[in-house]
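**Q** Just passing along the structure, written as structure tokens.
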Amino acid sequence: LEFYDISPKINSNTAVFPGDQKFERTMTMAFQNNDHLETSIIKTTLHIGAHTDAPSHYTKNGDTIEKRDPRLYLGRVQLIDVSSLFSNDLSSNSSMNKSTNQISSTLSMGTKTLKKKLNRLIEPNDFSQTPIEARRVIFRTDSFSDPEKWHNDFVAFSPDTIQYLAHLGVRLIGIDTPSIDPATSKDLPSHKKVYENNMAILEGIVLSEVPEGLYTLVAIPLAIEGADASPVRALLFKPDVDLSRM
Ligand SMILES: [Zn+2]
């Protein structure tokens, strides 16, 4: 296997933020109707499946997606797996007190006892022992495992993490959940930090089969004029794959 496909399939069941437009596709010509070819139209939120946010999504007068440098979404990327830090048993999560930031609890998981964080934010301390070796960094949380089943309790970033990575020269940040901020956040502190540092965002990727390490990312948005986001087909090539020889 030369690459991992980290994009979920897109269809009318793909989960979108509550209230946002689900994906719909309608045939306009079809062989079944004795047409000489098939054509179809789609209606969808642009924040569907694996997608990139434009600054105009989270900042008034921010750049729209066609103005972004496509090279942000192409090149060396580091995958960091923080999934073991978070309890992904949602029933036990819902009983946890969300105001207890930074405190770890000890949960018994079968015969193993694992340290689990009580909050659902990735903090710099959670991975500061991992050297950052790429200008693009994506995080595996395993906290939104079914792209067709919405829930609010996915893992997101603390704004300190965005700032920490920006200081290290990181230009793109990605996550395997629908958003870099918690679902219920209205002030979107991590999106704001991304804007201040002119970084790019990749959301909704699927990393459940992908081990930690370095890869080459391909996830270029469409140049949809004036748009707040674009779906992407996101792939991770193994670092020893020479794209110039394919
Ligand atoms: Zn988005």
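Ordering of the structure tokens sets the chain letters (A, B, ...); residue numbers start at 1 within each chain; ligands are numbered from 1 in the order shown.
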Set the cut-off to 10 Å, count only C-alpha atoms and all ligand atoms, and list whatever residues fall near ligand 1 as a list in words.
**A** Val16, Phe17, Thr45, Leu46, His47, Ile48, Gly49, Ala50, His51, Thr52, Asp53, Ala54, His57, Tyr58, Thr177, Pro178, Ser179, Ile180, Asp181, His191, Ile201, Leu202, Glu203, Gly204, Asp228, Ala229, Ser230 and Pro231 of chain A
**Q** Kindly export the residues of the current selection with C-alpha atoms, as an mmCIF file, in the first residue's frame.
**A**
```
data_model
loop_
_atom_site.group_PDB
_atom_site.id
_atom_site.type_symbol
_atom_site.label_atom_id
_atom_site.label_comp_id
_atom_site.auth_asym_id
_atom_site.auth_seq_id
_atom_site.Cartn_x
_atom_site.Cartn_y
_atom_site.Cartn_z
ATOM 1 C CA VAL A 16 -22.998 17.451 9.081
ATOM 2 C CA PHE A 17 -23.228 20.057 11.845
ATOM 3 C CA THR A 45 -22.720 22.246 2.824
ATOM 4 C CA LEU A 46 -19.105 22.738 1.792
ATOM 5 C CA HIS A 47 -18.118 21.454 5.260
ATOM 6 C CA ILE A 48 -18.753 17.860 4.222
ATOM 7 C CA GLY A 49 -16.467 14.895 4.867
ATOM 8 C CA ALA A 50 -12.770 15.752 4.607
ATOM 9 C CA HIS A 51 -12.707 19.502 3.981
ATOM 10 C CA THR A 52 -10.664 22.657 4.304
ATOM 11 C CA ASP A 53 -11.994 25.816 5.956
ATOM 12 C CA ALA A 54 -11.276 29.211 4.394
ATOM 13 C CA HIS A 57 -15.625 30.943 7.344
ATOM 14 C CA TYR A 58 -14.491 32.263 10.728
ATOM 15 C CA THR A 177 -13.280 15.287 13.868
ATOM 16 C CA PRO A 178 -15.713 17.814 12.298
ATOM 17 C CA SER A 179 -14.021 20.845 13.887
ATOM 18 C CA ILE A 180 -10.847 22.140 15.522
ATOM 19 C CA ASP A 181 -13.095 23.779 18.172
ATOM 20 C CA HIS A 191 -10.161 29.058 14.643
ATOM 21 C CA ILE A 201 -7.294 23.847 8.495
ATOM 22 C CA LEU A 202 -8.111 20.279 7.473
ATOM 23 C CA GLU A 203 -11.134 18.720 9.190
ATOM 24 C CA GLY A 204 -13.206 15.559 8.924
ATOM 25 C CA ASP A 228 -16.058 29.486 2.901
ATOM 26 C CA ALA A 229 -14.671 25.937 2.497
ATOM 27 C CA SER A 230 -14.128 23.100 0.053
ATOM 28 C CA PRO A 231 -14.426 19.330 0.337
#
```
**Q** Enumerate, as a PyMOL selection string, the complete set of residues in range 105-236 of chain A that a backbone-based DSSP assignment places in strand (DSSP E or B).
**A** chain A and resi 105-109+112-117+121-122+136-140+156-157+172-175+200-203+213-218+229-231+235-236
**Q** In terms of the shortest atom-to-atom distance over only C-alpha atoms, which of A:Lys67, A:Arg25, A:Arg140, A:Lys9 is closest to Leu207 in chain A?
**A**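 Of the candidates, the smallest distance to Leu207 in chain A is held by A:Arg140.
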**Q** What lies within 8 Å of Arg120 in chain A using only C-alpha atoms, ignoring chain neighbours under 4 positions off, as a PDB file with N, CA, C and O atoms, in the first residue's frame?
**A**
```pdb
ATOM      1  N   PHE A  86      -7.643   9.955  25.418  1.00  0.00           N
ATOM      2  CA  PHE A  86      -9.048  10.324  25.579  1.00  0.00           C
ATOM      3  C   PHE A  86      -9.905   9.080  25.704  1.00  0.00           C
ATOM      4  O   PHE A  86      -9.711   8.118  24.974  1.00  0.00           O
ATOM      5  N   ASP A 153     -19.565  15.278  21.156  1.00  0.00           N
ATOM      6  CA  ASP A 153     -18.533  15.037  22.159  1.00  0.00           C
ATOM      7  C   ASP A 153     -17.167  14.691  21.574  1.00  0.00           C
ATOM      8  O   ASP A 153     -16.403  13.957  22.172  1.00  0.00           O
ATOM      9  N   PHE A 154     -16.870  15.211  20.372  1.00  0.00           N
ATOM     10  CA  PHE A 154     -15.573  14.908  19.760  1.00  0.00           C
ATOM     11  C   PHE A 154     -14.455  15.762  20.364  1.00  0.00           C
ATOM     12  O   PHE A 154     -14.695  16.795  20.976  1.00  0.00           O
ATOM     13  N   VAL A 155     -13.230  15.289  20.180  1.00  0.00           N
ATOM     14  CA  VAL A 155     -12.046  15.983  20.699  1.00  0.00           C
ATOM     15  C   VAL A 155     -11.688  17.148  19.776  1.00  0.00           C
ATOM     16  O   VAL A 155     -11.816  17.047  18.549  1.00  0.00           O
ATOM     17  N   ALA A 156     -11.258  18.275  20.371  1.00  0.00           N
ATOM     18  CA  ALA A 156     -10.862  19.471  19.611  1.00  0.00           C
ATOM     19  C   ALA A 156      -9.543  19.993  20.190  1.00  0.00           C
ATOM     20  O   ALA A 156      -8.948  19.360  21.065  1.00  0.00           O
TER      21      ALA A 156
END
```
**Q** CA of Asp160 in chain A and CA of Asn119 in chain A are how many Å apart?
**A**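 Those two atoms sit 14.5 Å apart.
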**Q** Which residues, written as a CSV table (one decimal) with N, CA and C atoms, in the first residue's frame, have at least one atom at most 9 Å from Lys149 in chain A, with only C-alpha atoms counted and residues fewer than 2 positions away on the same chain left out?
**A**
```csv
chain,number,residue,atom,x,y,z
A,13,ASN,N,-26.1,10.3,3.8
A,13,ASN,CA,-26.0,10.0,5.2
A,13,ASN,C,-24.8,10.6,6.0
A,14,THR,N,-23.9,11.3,5.2
A,14,THR,CA,-22.7,11.8,5.9
A,14,THR,C,-23.2,12.9,6.9
A,15,ALA,N,-22.6,12.7,8.1
A,15,ALA,CA,-23.0,13.6,9.2
A,15,ALA,C,-22.5,15.1,8.9
A,16,VAL,N,-23.4,16.0,9.2
A,16,VAL,CA,-23.0,17.5,9.1
A,16,VAL,C,-23.4,18.1,10.4
A,144,PHE,N,-14.4,10.5,16.7
A,144,PHE,CA,-15.6,10.7,15.8
A,144,PHE,C,-15.5,9.6,14.8
A,145,SER,N,-15.7,8.3,15.3
A,145,SER,CA,-15.3,7.2,14.5
A,145,SER,C,-16.3,6.8,13.4
A,146,ASP,N,-17.6,7.3,13.5
A,146,ASP,CA,-18.5,7.0,12.4
A,146,ASP,C,-18.9,8.3,11.7
A,147,PRO,N,-18.4,8.5,10.4
A,147,PRO,CA,-18.7,9.7,9.7
A,147,PRO,C,-20.2,9.9,9.4
A,151,HIS,N,-22.2,13.3,16.7
A,151,HIS,CA,-22.3,13.6,18.2
A,151,HIS,C,-21.4,14.8,18.5
```
**Q** Enumerate as a ChimeraX atom specification all residues of range 51-214 of chain A assigned to helix (DSSP H, G or I) by DSSP on the backbone, naming them with the chain letters and numbers the document uses.
**A** /A:55-58,65-67,70-73,83-85,90-94,124-126,159-167,189-196
**Q** Can you list, as a list in words, every protein, DNA or RNA residue that comes within 7 Å of Glu123 in chain A when you count only C-alpha atoms, leaving out same-chain residues fewer than 5 positions away?
**A**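 Residues meeting the cut-off are Phe157, Ser158, Asp160 and Thr161 of chain A.
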**Q** Kindly save the residues from that selection, with N, CA, C and O atoms included, as an mmCIF file, in the first residue's frame.
**A**
```cif
data_model
loop_
_atom_site.group_PDB
_atom_site.id
_atom_site.type_symbol
_atom_site.label_atom_id
_atom_site.label_comp_id
_atom_site.auth_asym_id
_atom_site.auth_seq_id
_atom_site.Cartn_x
_atom_site.Cartn_y
_atom_site.Cartn_z
ATOM 1 N N PHE A 157 -9.086 21.141 19.688
ATOM 2 C CA PHE A 157 -7.821 21.709 20.153
ATOM 3 C C PHE A 157 -8.042 22.796 21.190
ATOM 4 O O PHE A 157 -8.997 23.572 21.099
ATOM 5 N N SER A 158 -7.123 22.891 22.133
ATOM 6 C CA SER A 158 -7.060 24.105 22.934
ATOM 7 C C SER A 158 -6.334 25.153 22.077
ATOM 8 O O SER A 158 -5.441 24.805 21.294
ATOM 9 N N ASP A 160 -4.102 27.145 22.886
ATOM 10 C CA ASP A 160 -2.667 27.100 23.212
ATOM 11 C C ASP A 160 -1.915 26.146 22.293
ATOM 12 O O ASP A 160 -0.747 26.379 21.964
ATOM 13 N N THR A 161 -2.571 25.065 21.907
ATOM 14 C CA THR A 161 -1.937 24.103 21.010
ATOM 15 C C THR A 161 -1.705 24.715 19.632
ATOM 16 O O THR A 161 -0.649 24.533 19.024
#
```
**Q** Taking 2 positions as the minimum chain separation for residues in the same chain, which residues sit within 8 Å of range 68-80 of chain A when counting only C-alpha atoms? Answer as a ChimeraX atom specification.
**A** /A:54,63-66,82,127,132-140,171-172,200,211-221
**Q** Rounded to one decimal, what separation in Å do you get between CA of Thr44 in chain A and CA of Gly19 in chain A?
**A**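 Answer for the CA of Thr44 in chain A to CA of Gly19 in chain A separation: 12.0 Å.
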**Q** May I ask which of the residues A:Leu222, A:Ala234, A:Ile162, A:Val210 is the closest one to Pro189 in chain A, counting only C-alpha atoms?
**A**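 Of A:Leu222, A:Ala234, A:Ile162, A:Val210, the one nearest Pro189 in chain A is A:Ile162, counting only C-alpha atoms.
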**Q** Quick one: residues within 9 Å of Phe3 in chain A, only C-alpha atoms counted, chain neighbours fewer than 6 positions away excluded, as a list in words?
**A**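 Near Phe3 in chain A, the qualifying residues are Tyr215, Thr216, Leu235, Leu236, Phe237, Lys238 and Val241 of chain A.
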**Q** Between A:Ala223, A:Met27, A:Leu121, A:Val194, which residue has the minimum interatomic distance to Lys43 in chain A, considering only C-alpha atoms?
**A**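 For Lys43 in chain A, the nearest of the candidates is A:Met27.
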**Q** Hey, can you check how far CA of Asn125 in chain A sits from CA of Thr59 in chain A?
**A**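 According to the coordinates, CA of Asn125 in chain A and CA of Thr59 in chain A are separated by 28.3 Å.
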**Q** Looking at only C-alpha atoms, which of A:Asn61, A:Asn152, A:Ser7, A:Thr130 is the one that sits closest to Asp176 in chain A?
**A**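 Smallest separation from Asp176 in chain A among the options: A:Ser7.
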